[in-house]
file data_33.cif (mmCIF, C-alpha atoms)
data_target
#
loop_
_atom_site.group_PDB
_atom_site.id
_atom_site.type_symbol
_atom_site.label_atom_id
_atom_site.label_comp_id
_atom_site.auth_asym_id
_atom_site.auth_seq_id
_atom_site.Cartn_x
_atom_site.Cartn_y
_atom_site.Cartn_z
ATOM 1 C CA MET A 1 94.860 64.257 111.981
ATOM 2 C CA ASP A 2 94.155 65.109 108.343
ATOM 3 C CA VAL A 3 96.865 66.630 106.216
ATOM 4 C CA ARG A 4 95.998 68.940 103.359
ATOM 5 C CA ILE A 5 97.718 67.415 100.341
ATOM 6 C CA THR A 6 98.882 70.018 97.863
ATOM 7 C CA THR A 7 101.096 69.149 94.936
ATOM 8 C CA VAL A 8 104.130 70.454 96.862
ATOM 9 C CA THR A 9 103.214 68.344 99.901
ATOM 10 C CA ALA A 10 102.820 65.386 97.563
ATOM 11 C CA ARG A 11 106.332 65.955 96.200
ATOM 12 C CA VAL A 12 107.733 66.019 99.736
ATOM 13 C CA LEU A 13 105.891 62.815 100.594
ATOM 14 C CA ARG A 14 107.139 61.228 97.385
ATOM 15 C CA ALA A 15 110.714 62.034 98.453
ATOM 16 C CA PHE A 16 110.118 60.387 101.828
ATOM 17 C CA LEU A 17 108.482 57.334 100.258
ATOM 18 C CA GLY A 18 111.371 57.008 97.793
ATOM 19 C CA ASN A 19 113.698 56.129 100.679
ATOM 20 C CA PRO A 20 111.528 55.380 103.725
ATOM 21 C CA GLN A 21 114.447 54.202 105.867
ATOM 22 C CA ASN A 22 116.756 57.101 104.995
ATOM 23 C CA PRO A 23 116.881 60.159 107.218
ATOM 24 C CA GLN A 24 115.855 63.299 105.328
ATOM 25 C CA TYR A 25 117.415 66.634 106.201
ATOM 26 C CA GLY A 26 115.701 69.963 105.536
ATOM 27 C CA PHE A 27 118.391 71.410 103.280
ATOM 28 C CA ASP A 28 118.866 68.165 101.377
ATOM 29 C CA LEU A 29 115.123 68.032 100.688
ATOM 30 C CA MET A 30 115.251 71.649 99.512
ATOM 31 C CA GLN A 31 118.015 70.752 97.072
ATOM 32 C CA LEU A 32 116.343 67.565 95.939
ATOM 33 C CA LEU A 33 112.919 69.092 95.316
ATOM 34 C CA GLY A 34 113.998 72.612 94.361
ATOM 35 C CA LEU A 35 111.883 74.123 97.128
ATOM 36 C CA SER A 36 112.569 77.172 99.230
ATOM 37 C CA SER A 37 112.880 76.862 102.987
ATOM 38 C CA GLY A 38 109.760 79.006 103.316
ATOM 39 C CA SER A 39 107.736 76.366 101.460
ATOM 40 C CA LEU A 40 109.360 73.238 102.851
ATOM 41 C CA TYR A 41 109.492 73.846 106.592
ATOM 42 C CA PRO A 42 105.781 74.584 107.085
ATOM 43 C CA ILE A 43 105.042 71.317 105.249
ATOM 44 C CA LEU A 44 107.486 69.391 107.434
ATOM 45 C CA ALA A 45 105.902 70.966 110.512
ATOM 46 C CA ARG A 46 102.411 69.920 109.362
ATOM 47 C CA LEU A 47 103.510 66.375 108.558
ATOM 48 C CA GLU A 48 105.295 66.055 111.890
ATOM 49 C CA ARG A 49 102.295 67.347 113.772
ATOM 50 C CA ALA A 50 100.092 64.823 111.973
ATOM 51 C CA GLY A 51 102.489 62.030 112.988
ATOM 52 C CA TRP A 52 103.423 61.129 109.412
ATOM 53 C CA ILE A 53 107.075 61.971 109.934
ATOM 54 C CA GLU A 54 109.197 62.098 113.037
ATOM 55 C CA GLY A 55 111.963 64.615 113.716
ATOM 56 C CA ARG A 56 115.129 63.385 115.437
ATOM 57 C CA LYS A 57 118.493 64.821 116.293
ATOM 58 C CA GLU A 58 121.671 63.385 114.850
ATOM 59 C CA ASP A 59 123.636 61.300 117.277
ATOM 60 C CA VAL A 60 126.953 63.139 116.934
ATOM 61 C CA ASP A 61 129.410 64.608 119.383
ATOM 62 C CA ALA A 62 129.237 68.340 118.639
ATOM 63 C CA VAL A 63 132.715 69.009 120.106
ATOM 64 C CA ARG A 64 134.445 66.241 118.201
ATOM 65 C CA GLU A 65 132.634 66.940 114.939
ATOM 66 C CA GLY A 66 133.053 70.701 115.298
ATOM 67 C CA ARG A 67 129.425 71.320 114.384
ATOM 68 C CA PRO A 68 126.066 71.083 116.133
ATOM 69 C CA ALA A 69 123.827 68.057 115.580
ATOM 70 C CA ARG A 70 121.398 68.503 112.710
ATOM 71 C CA ARG A 71 117.760 67.508 112.850
ATOM 72 C CA TYR A 72 116.485 64.938 110.406
ATOM 73 C CA TYR A 73 113.101 63.456 109.618
ATOM 74 C CA LEU A 74 111.981 59.869 109.209
ATOM 75 C CA LEU A 75 108.737 58.550 107.823
ATOM 76 C CA THR A 76 106.696 56.738 110.464
ATOM 77 C CA ALA A 77 104.938 53.445 109.690
ATOM 78 C CA GLU A 78 101.561 55.126 109.938
ATOM 79 C CA GLY A 79 102.855 58.013 107.824
ATOM 80 C CA ALA A 80 104.090 55.641 105.114
ATOM 81 C CA ARG A 81 100.675 54.010 104.882
ATOM 82 C CA ASP A 82 98.719 57.268 104.915
ATOM 83 C CA ALA A 83 101.125 58.956 102.502
ATOM 84 C CA ARG A 84 100.712 56.124 99.980
ATOM 85 C CA LEU A 85 96.941 56.378 100.235
ATOM 86 C CA ALA A 86 97.026 60.165 99.923
ATOM 87 C CA LEU A 87 99.323 60.074 96.884
ATOM 88 C CA ALA A 88 97.155 57.432 95.247
ATOM 89 C CA ALA A 89 94.044 59.550 95.885
ATOM 90 C CA LEU A 90 95.740 62.661 94.503
ATOM 91 C CA SER A 91 96.997 60.769 91.486
ATOM 92 C CA GLU A 92 93.467 59.496 90.836
ATOM 93 C CA GLU A 93 92.099 63.009 91.196
ATOM 94 C CA LEU A 94 94.631 64.498 88.791
ATOM 95 C CA ARG A 95 94.494 61.674 86.246
ATOM 96 C CA PRO A 96 93.412 63.107 82.881
ATOM 97 C CA PRO A 97 90.078 61.776 81.595
ATOM 98 C CA SER A 98 90.323 59.079 78.988
ATOM 99 C CA PRO A 99 89.992 60.309 75.372
ATOM 100 C CA ILE A 100 86.804 58.245 74.891
ATOM 101 C CA MET A 101 85.067 60.466 77.423
ATOM 102 C CA LEU A 102 85.816 63.594 75.352
ATOM 103 C CA PRO A 103 83.200 63.767 72.588
ATOM 104 C CA GLY A 104 84.924 66.611 70.720
ATOM 105 C CA LEU A 105 88.172 64.710 70.518
ATOM 106 C CA ARG A 106 86.332 61.605 69.336
ATOM 107 C CA SER A 107 84.533 63.375 66.480
ATOM 108 C CA ASP A 108 87.791 65.055 65.436
ATOM 109 C CA ARG A 109 89.374 61.666 65.198
ATOM 110 C CA GLY A 110 86.403 60.408 63.207
ATOM 111 C CA SER A 111 86.535 63.276 60.713
ATOM 112 C CA ALA A 112 90.283 62.930 60.296
ATOM 113 C CA MET B 1 170.152 97.560 92.572
ATOM 114 C CA ILE B 2 168.224 95.147 90.391
ATOM 115 C CA LEU B 3 168.511 92.492 93.096
ATOM 116 C CA VAL B 4 166.999 94.881 95.672
ATOM 117 C CA LYS B 5 164.109 95.596 93.297
ATOM 118 C CA ILE B 6 163.475 91.893 92.753
ATOM 119 C CA VAL B 7 163.541 91.149 96.491
ATOM 120 C CA GLY B 8 161.205 94.143 97.099
ATOM 121 C CA ALA B 9 158.812 92.905 94.440
ATOM 122 C CA ILE B 10 158.774 89.408 95.957
ATOM 123 C CA ILE B 11 158.111 90.824 99.437
ATOM 124 C CA LEU B 12 155.310 93.004 98.045
ATOM 125 C CA LEU B 13 153.839 90.024 96.216
ATOM 126 C CA VAL B 14 153.868 87.861 99.353
ATOM 127 C CA LEU B 15 152.415 90.684 101.468
ATOM 128 C CA GLY B 16 149.714 91.314 98.874
ATOM 129 C CA LYS B 17 148.802 87.630 98.768
ATOM 130 C CA VAL B 18 148.578 87.476 102.560
ATOM 131 C CA LEU B 19 146.431 90.612 102.672
ATOM 132 C CA VAL B 20 144.082 89.319 99.968
ATOM 133 C CA SER B 21 143.769 86.003 101.822
ATOM 134 C CA LEU B 22 143.022 87.767 105.112
ATOM 135 C CA ALA B 23 140.499 90.071 103.440
ATOM 136 C CA SER B 24 138.717 87.174 101.729
ATOM 137 C CA LYS B 25 138.488 85.272 105.036
ATOM 138 C CA GLU B 26 137.150 88.399 106.721
ATOM 139 C CA VAL B 27 134.526 88.884 104.012
ATOM 140 C CA GLU B 28 133.588 85.199 104.170
ATOM 141 C CA GLY B 29 133.118 85.475 107.931
ATOM 142 C CA ARG B 30 130.946 88.558 107.481
ATOM 143 C CA LEU B 31 128.816 86.771 104.899
ATOM 144 C CA ASP B 32 128.210 83.912 107.365
ATOM 145 C CA TRP B 33 127.355 86.459 110.003
ATOM 146 C CA PHE B 34 124.881 88.187 107.675
ATOM 147 C CA CYS B 35 122.959 84.956 107.005
ATOM 148 C CA ALA B 36 122.931 84.150 110.722
ATOM 149 C CA LEU B 37 121.629 87.647 111.402
ATOM 150 C CA ILE B 38 118.675 87.139 109.064
ATOM 151 C CA LEU B 39 118.000 83.791 110.724
ATOM 152 C CA LYS B 40 118.078 85.595 114.057
ATOM 153 C CA GLY B 41 115.314 87.811 112.689
ATOM 154 C CA ALA B 42 113.331 84.652 111.884
ATOM 155 C CA ARG B 43 113.949 83.467 115.457
ATOM 156 C CA PHE B 44 112.499 86.693 116.737
ATOM 157 C CA ARG B 45 109.319 86.067 114.767
ATOM 158 C CA LEU B 46 108.777 82.703 116.488
ATOM 159 C CA PRO B 47 106.787 82.503 119.731
ATOM 160 C CA ALA B 48 109.179 82.608 122.690
ATOM 161 C CA GLY B 49 108.318 79.074 123.819
ATOM 162 C CA VAL B 50 109.520 77.337 120.644
ATOM 163 C CA ARG B 51 112.526 79.454 119.677
ATOM 164 C CA SER B 52 115.079 77.147 121.175
ATOM 165 C CA ASP B 53 113.396 74.053 119.743
ATOM 166 C CA ILE B 54 112.996 75.369 116.214
ATOM 167 C CA HIS B 55 115.780 77.905 115.695
ATOM 168 C CA ASP B 56 118.584 76.708 117.962
ATOM 169 C CA GLU B 57 118.049 72.976 117.466
ATOM 170 C CA GLU B 58 117.096 72.846 113.802
ATOM 171 C CA TRP B 59 117.542 75.979 111.692
ATOM 172 C CA LEU B 60 120.901 77.134 113.024
ATOM 173 C CA PRO B 61 122.678 73.754 112.671
ATOM 174 C CA GLU B 62 121.235 73.508 109.151
ATOM 175 C CA LEU B 63 122.541 76.974 108.264
ATOM 176 C CA ARG B 64 125.955 76.047 109.624
ATOM 177 C CA HIS B 65 125.890 72.943 107.456
ATOM 178 C CA ILE B 66 125.064 75.089 104.407
ATOM 179 C CA MET B 67 127.776 77.635 105.145
ATOM 180 C CA GLU B 68 130.512 75.172 106.075
ATOM 181 C CA ARG B 69 130.129 72.330 103.606
ATOM 182 C CA ASP B 70 133.061 71.718 101.297
ATOM 183 C CA THR B 71 131.100 70.755 98.210
ATOM 184 C CA ALA B 72 130.145 74.335 97.258
ATOM 185 C CA ARG B 73 132.064 77.544 96.551
ATOM 186 C CA PRO B 74 131.798 80.518 98.925
ATOM 187 C CA ILE B 75 129.403 82.557 96.736
ATOM 188 C CA THR B 76 127.137 79.550 96.181
ATOM 189 C CA ARG B 77 127.149 78.839 99.902
ATOM 190 C CA PHE B 78 126.319 82.459 100.640
ATOM 191 C CA VAL B 79 123.432 82.558 98.147
ATOM 192 C CA GLN B 80 122.044 79.281 99.490
ATOM 193 C CA GLY B 81 122.449 80.442 103.079
ATOM 194 C CA LEU B 82 120.725 83.703 102.245
ATOM 195 C CA ARG B 83 117.831 81.909 100.541
ATOM 196 C CA TYR B 84 117.524 79.554 103.483
ATOM 197 C CA SER B 85 117.464 82.337 106.087
ATOM 198 C CA ALA B 86 115.252 84.707 104.108
ATOM 199 C CA GLY B 87 112.691 81.970 103.384
ATOM 200 C CA LEU B 88 112.418 81.164 107.076
ATOM 201 C CA MET B 89 112.245 84.825 107.969
ATOM 202 C CA PHE B 90 109.002 85.060 106.005
ATOM 203 C CA SER B 91 107.531 81.715 107.039
ATOM 204 C CA ALA B 92 108.620 81.550 110.701
ATOM 205 C CA ARG B 93 105.166 82.245 112.061
ATOM 206 C CA ARG B 94 103.586 79.737 109.676
ATOM 207 C CA VAL B 95 106.050 77.061 110.822
ATOM 208 C CA ALA B 96 105.216 77.815 114.462
ATOM 209 C CA ARG B 97 101.499 77.723 113.735
ATOM 210 C CA ASP B 98 101.795 74.449 111.810
ATOM 211 C CA ARG B 99 103.664 72.964 114.751
ATOM 212 C CA GLY B 100 100.776 74.007 116.948
ATOM 213 C CA ALA B 101 102.615 76.824 118.719
ATOM 214 C CA CYS B 102 100.719 80.024 118.092
ATOM 215 C CA GLY B 103 102.265 83.097 119.600
ATOM 216 C CA PRO B 104 100.685 86.505 119.971
ATOM 217 C CA ARG B 105 100.669 88.808 116.979
ATOM 218 C CA TRP B 106 103.612 91.215 116.660
ATOM 219 C CA GLY B 107 102.927 94.570 118.270
ATOM 220 C CA SER B 108 99.904 93.340 120.217
ATOM 221 C CA VAL B 109 99.622 93.888 123.949
ATOM 222 C CA ALA B 110 100.089 90.150 124.556
ATOM 223 C CA TRP B 111 103.247 90.229 122.442
ATOM 224 C CA LEU B 112 104.596 93.168 124.447
ATOM 225 C CA ARG B 113 103.937 91.319 127.680
ATOM 226 C CA GLU B 114 105.717 88.235 126.398
ATOM 227 C CA GLU B 115 108.633 89.955 124.696
ATOM 228 C CA THR B 116 109.453 92.779 127.069
ATOM 229 C CA VAL B 117 110.071 93.180 130.757
ATOM 230 C CA ILE B 118 107.616 96.048 131.049
ATOM 231 C CA GLU B 119 104.421 95.532 132.978
ATOM 232 C CA GLY B 120 101.247 97.280 134.008
ATOM 233 C CA PRO B 121 100.231 100.588 132.366
ATOM 234 C CA PHE B 122 103.617 100.838 130.624
ATOM 235 C CA VAL B 123 102.510 98.017 128.333
ATOM 236 C CA TRP B 124 99.768 100.263 127.045
ATOM 237 C CA PHE B 125 102.160 103.189 126.774
ATOM 238 C CA MET B 126 104.500 101.073 124.605
ATOM 239 C CA PHE B 127 101.551 99.755 122.627
ATOM 240 C CA THR B 128 100.426 103.323 121.908
ATOM 241 C CA CYS B 129 103.980 104.358 120.966
ATOM 242 C CA ILE B 130 104.362 101.457 118.531
ATOM 243 C CA TRP B 131 101.161 102.208 116.708
ATOM 244 C CA LEU B 132 101.304 105.996 117.069
ATOM 245 C CA ALA B 133 104.610 106.281 115.210
ATOM 246 C CA PRO B 134 103.332 104.941 111.864
ATOM 247 C CA ALA B 135 100.029 106.754 112.402
ATOM 248 C CA SER B 136 101.911 110.031 112.888
ATOM 249 C CA LEU B 137 103.900 109.388 109.734
ATOM 250 C CA ALA B 138 100.688 108.679 107.850
ATOM 251 C CA VAL B 139 99.100 111.910 109.123
ATOM 252 C CA GLY B 140 102.285 113.833 108.219
ATOM 253 C CA GLY B 141 102.188 112.372 104.721
ATOM 254 C CA LEU B 142 98.506 113.217 104.426
ATOM 255 C CA THR B 143 99.181 116.814 105.515
ATOM 256 C CA VAL B 144 101.899 117.216 102.905
ATOM 257 C CA GLY B 145 99.569 115.702 100.309
ATOM 258 C CA VAL B 146 96.731 118.056 101.237
ATOM 259 C CA GLY B 147 99.179 121.009 101.192
ATOM 260 C CA CYS B 148 100.315 120.066 97.685
ATOM 261 C CA ALA B 149 96.716 119.647 96.545
ATOM 262 C CA LEU B 150 95.803 123.077 97.900
ATOM 263 C CA ALA B 151 98.812 124.605 96.174
ATOM 264 C CA HIS B 152 97.759 122.893 92.954
ATOM 265 C CA LEU B 153 94.264 124.359 93.362
ATOM 266 C CA GLN B 154 95.966 127.746 93.733
ATOM 267 C CA VAL B 155 94.566 128.306 97.225
ATOM 268 C CA SER B 156 96.489 131.159 98.845
ATOM 269 C CA ALA B 157 99.242 130.316 101.307
ATOM 270 C CA SER B 158 97.462 131.986 104.210
ATOM 271 C CA THR B 159 94.216 130.040 103.601
ATOM 272 C CA SER B 160 96.191 126.773 103.181
ATOM 273 C CA GLY B 161 98.040 127.456 106.410
ATOM 274 C CA VAL B 162 94.790 128.018 108.303
ATOM 275 C CA LEU B 163 93.194 124.890 106.811
ATOM 276 C CA LEU B 164 96.205 122.731 107.631
ATOM 277 C CA GLU B 165 96.500 124.203 111.109
ATOM 278 C CA VAL B 166 92.834 123.489 111.864
ATOM 279 C CA GLY B 167 93.150 119.982 110.389
ATOM 280 C CA GLY B 168 96.343 119.324 112.353
ATOM 281 C CA ASN B 169 94.738 120.478 115.589
ATOM 282 C CA ILE B 170 91.710 118.264 115.010
ATOM 283 C CA ALA B 171 94.042 115.307 114.334
ATOM 284 C CA ALA B 172 96.088 116.070 117.467
ATOM 285 C CA VAL B 173 92.967 116.273 119.629
ATOM 286 C CA GLY B 174 91.748 113.048 118.034
ATOM 287 C CA PHE B 175 94.993 111.283 118.929
ATOM 288 C CA LEU B 176 94.861 112.635 122.461
ATOM 289 C CA VAL B 177 91.267 111.527 123.016
ATOM 290 C CA GLY B 178 91.954 108.181 121.299
ATOM 291 C CA GLY B 179 95.014 107.596 123.479
ATOM 292 C CA MET B 180 93.089 108.432 126.633
ATOM 293 C CA LEU B 181 90.204 106.156 125.667
ATOM 294 C CA GLY B 182 92.669 103.401 124.736
ATOM 295 C CA GLY B 183 94.431 103.797 128.065
ATOM 296 C CA ARG B 184 91.144 103.629 129.942
ATOM 297 C CA ALA B 185 90.074 100.573 127.978
ATOM 298 C CA GLY B 186 93.430 98.972 128.706
ATOM 299 C CA GLN B 187 93.105 99.623 132.389
ATOM 300 C CA SER B 188 89.598 98.214 132.561
ATOM 301 C CA LEU B 189 90.386 95.190 130.382
ATOM 302 C CA GLY B 190 93.895 93.806 130.160
ATOM 303 C CA VAL B 191 96.011 95.539 132.737
ATOM 304 C CA SER B 192 93.596 95.340 135.619
ATOM 305 C CA ARG B 193 93.066 91.637 134.888
ATOM 306 C CA HIS B 194 96.818 91.146 134.815
ATOM 307 C CA VAL B 195 97.285 92.994 138.100
ATOM 308 C CA ARG B 196 94.327 91.171 139.618
ATOM 309 C CA GLN B 197 95.800 87.801 138.659
ATOM 310 C CA ARG B 198 99.128 88.774 140.192
ATOM 311 C CA LEU B 199 97.460 89.969 143.370
ATOM 312 C CA ASN B 200 95.391 86.805 143.548
ATOM 313 C CA SER B 201 98.475 84.638 143.237
ATOM 314 C CA GLN B 202 100.218 86.709 145.912
ATOM 315 C CA ASN B 203 97.204 86.373 148.225
ATOM 316 C CA LEU B 204 97.069 82.636 147.619
ATOM 317 C CA SER B 205 100.747 82.233 148.403
ATOM 318 C CA ALA B 206 100.291 84.385 151.554
ATOM 319 C CA LEU B 207 97.391 82.170 152.662
ATOM 320 C CA GLU B 208 99.437 79.040 152.129
#

call {"tool": "encode", "arguments": {"input": "data_33.cif", "output": "structure tokens"}}
result
Amino acid sequence: MDVRITTVTARVLRAFLGNPQNPQYGFDLMQLLGLSSGSLYPILARLERAGWIEGRKEDVDAVREGRPARRYYLLTAEGARDARLALAALSEELRPPSPIMLPGLRSDRGSA
Amino acid sequence: MILVKIVGAIILLVLGKVLVSLASKEVEGRLDWFCALILKGARFRLPAGVRSDIHDEEWLPELRHIMERDTARPITRFVQGLRYSAGLMFSARRVARDRGACGPRWGSVAWLREETVIEGPFVWFMFTCIWLAPASLAVGGLTVGVGCALAHLQVSASTSGVLLEVGGNIAAVGFLVGGMLGGRAGQSLGVSRHVRQRLNSQNLSALE
């Protein structure tokens, strides 16, 4: 399934790729990326539906810990591969053109 | 005498400190409750089938983590909890849709069937009530607006009254006819199908 890669989605993927083995929690990602829950959770839902990340429940005893188990997300192997490709494609798309390709800039340099 | 005053002051000080501590704990508890209440609103916006999975299993434990962690002060925790809940309140339906769980639109007949225990023609009655209330308010506002405009145009009170009365009656008849047509449409479309399905299932179970 294709995932629409926006710059915010790319930032989320970048956070997952930064530590592929580490579990990522919703609130921690919000803090890390400075995103609101309203922006982050739809992205997590899309990525999970596409199979790029996998949601799991913490393995804790709720009674002993005194809190319910939180849900965390892990990057899947397929997700890691596709995310790298998608980020590379986005990076290529957003790469500024080289100065040689800008004739105005070139002539300015020549006159200066 | 001075000793009594000193002892009294100490007792007052201790009592005051206890009261302030109790009040702050009470307020803190209420703040947690307020964030949870907003999150409950977000839960209500999710389709019924995924509420437990999304709200109970993910959002609520996360909110508890935000509100109970030791690394932040109470006001910071409250602001973060509020941001968390409010954000989800607005995006709950988007999250459900992105997870592939699309529920019926709020206020629609399908939503009423899913959310309430009412069945049959009462669904359409509730549907009409839900949408008639804002429509009535809009018509009321329009009437006041027209009244003000007529007054501004210096139309006499008696003429304005007649105009508004005629307009109001036309609107009332329109609502009545619209409601009747809506009810008929509901009976021929949704409700009868619903009843038919129920009867079919009953007949099938009787045959078995």

call {"tool": "residues_around", "arguments": {"input": "data_33.cif", "residues": "segment 32-47 of chain B", "least_positions_apart": "4", "cutoff": "8 Å", "atoms": "only C-alpha atoms", "output": "compact mmCIF listing (two decimals) with C-alpha atoms, in the coordinates of the input"}}
result
# COMPACT_ATOMS: atom_id res chain seq x y z
CA GLU B 28 133.59 85.20 104.17
CA ARG B 51 112.53 79.45 119.68
CA HIS B 55 115.78 77.90 115.70
CA TRP B 59 117.54 75.98 111.69
CA LEU B 60 120.90 77.13 113.02
CA LEU B 63 122.54 76.97 108.26
CA MET B 67 127.78 77.64 105.14
CA PHE B 78 126.32 82.46 100.64
CA GLY B 81 122.45 80.44 103.08
CA LEU B 82 120.72 83.70 102.24
CA SER B 85 117.46 82.34 106.09
CA ALA B 86 115.25 84.71 104.11
CA LEU B 88 112.42 81.16 107.08
CA MET B 89 112.24 84.82 107.97
CA PHE B 90 109.00 85.06 106.00
CA ALA B 92 108.62 81.55 110.70
CA ARG B 93 105.17 82.24 112.06
CA ALA B 96 105.22 77.82 114.46
CA ALA B 101 102.62 76.82 118.72
CA CYS B 102 100.72 80.02 118.09
CA GLY B 103 102.26 83.10 119.60
CA PRO B 104 100.68 86.50 119.97
CA TRP B 106 103.61 91.22 116.66

call {"tool": "atom_distance", "arguments": {"input": "data_33.cif", "atom1": "atom CA of Leu74 of chain A", "atom2": "atom CA of Ser39 of chain A"}}
result
18.7 Å

call {"tool": "closest_residue", "arguments": {"input": "data_33.cif", "among": "A:Ala45, A:Ala62, A:Leu94, A:Ala88", "to": "chain B", "atoms": "only C-alpha atoms"}}
result
A:Ala45

call {"tool": "resolve_selection", "arguments": {"input": "data_33.cif", "expression": "the PyMOL selection byres ((chain A) within 12 of (chain B))", "output": "count of residues only"}}
result
41

call {"tool": "residues_near_point", "arguments": {"input": "data_33.cif", "point": "(98.7, 58.7, 105.9)", "cutoff": "10 Å", "atoms": "only C-alpha atoms", "output": "list in words"}}
result
Met1, Asp2, Val3, Leu13, Leu47, Ala50, Gly51, Trp52, Ile53, Thr76, Ala77, Glu78, Gly79, Ala80, Arg81, Asp82, Ala83, Arg84, Leu85, Ala86 and Leu87 of chain A

call {"tool": "atom_distance", "arguments": {"input": "data_33.cif", "atom1": "atom CA of Ala89 of chain A", "atom2": "atom CA of Gln24 of chain A"}}
result
24.1 Å

call {"tool": "resolve_selection", "arguments": {"input": "data_33.cif", "expression": "the PyMOL selection byres ((chain B and resi 174-176) around 12)", "output": "JSON list (two decimals) with C-alpha atoms, in the frame of the given file"}}
result
[["chain", "number", "residue", "atom", "x", "y", "z"],
["B", 128, "THR", "CA", 100.43, 103.32, 121.91],
["B", 129, "CYS", "CA", 103.98, 104.36, 120.97],
["B", 131, "TRP", "CA", 101.16, 102.21, 116.71],
["B", 132, "LEU", "CA", 101.30, 106.00, 117.07],
["B", 133, "ALA", "CA", 104.61, 106.28, 115.21],
["B", 135, "ALA", "CA", 100.03, 106.75, 112.40],
["B", 136, "SER", "CA", 101.91, 110.03, 112.89],
["B", 139, "VAL", "CA", 99.10, 111.91, 109.12],
["B", 167, "GLY", "CA", 93.15, 119.98, 110.39],
["B", 168, "GLY", "CA", 96.34, 119.32, 112.35],
["B", 169, "ASN", "CA", 94.74, 120.48, 115.59],
["B", 170, "ILE", "CA", 91.71, 118.26, 115.01],
["B", 171, "ALA", "CA", 94.04, 115.31, 114.33],
["B", 172, "ALA", "CA", 96.09, 116.07, 117.47],
["B", 173, "VAL", "CA", 92.97, 116.27, 119.63],
["B", 177, "VAL", "CA", 91.27, 111.53, 123.02],
["B", 178, "GLY", "CA", 91.95, 108.18, 121.30],
["B", 179, "GLY", "CA", 95.01, 107.60, 123.48],
["B", 180, "MET", "CA", 93.09, 108.43, 126.63],
["B", 181, "LEU", "CA", 90.20, 106.16, 125.67],
["B", 182, "GLY", "CA", 92.67, 103.40, 124.74],
["B", 183, "GLY", "CA", 94.43, 103.80, 128.06]]

call {"tool": "atom_distance", "arguments": {"input": "data_33.cif", "atom1": "atom CA of Ser98 of chain A", "atom2": "atom CA of Arg14 of chain A"}}
result
25.0 Å

call {"tool": "residues_near_point", "arguments": {"input": "data_33.cif", "point": "(116.3, 51.2, 107.3)", "cutoff": "9 Å", "atoms": "all atoms listed in the file", "output": "ChimeraX atom specification"}}
result
/A:19-23

call {"tool": "write_last_selection", "arguments": {"input": "data_33.cif", "atoms": "C-alpha atoms", "output": "short mmCIF file (atom, residue, chain, number, x, y, z; two decimals), keeping the file's coordinate frame"}}
result
data_model
loop_
_atom_site.label_atom_id
_atom_site.label_comp_id
_atom_site.auth_asym_id
_atom_site.auth_seq_id
_atom_site.Cartn_x
_atom_site.Cartn_y
_atom_site.Cartn_z
CA ASN A 19 113.70 56.13 100.68
CA PRO A 20 111.53 55.38 103.72
CA GLN A 21 114.45 54.20 105.87
CA ASN A 22 116.76 57.10 105.00
CA PRO A 23 116.88 60.16 107.22
#
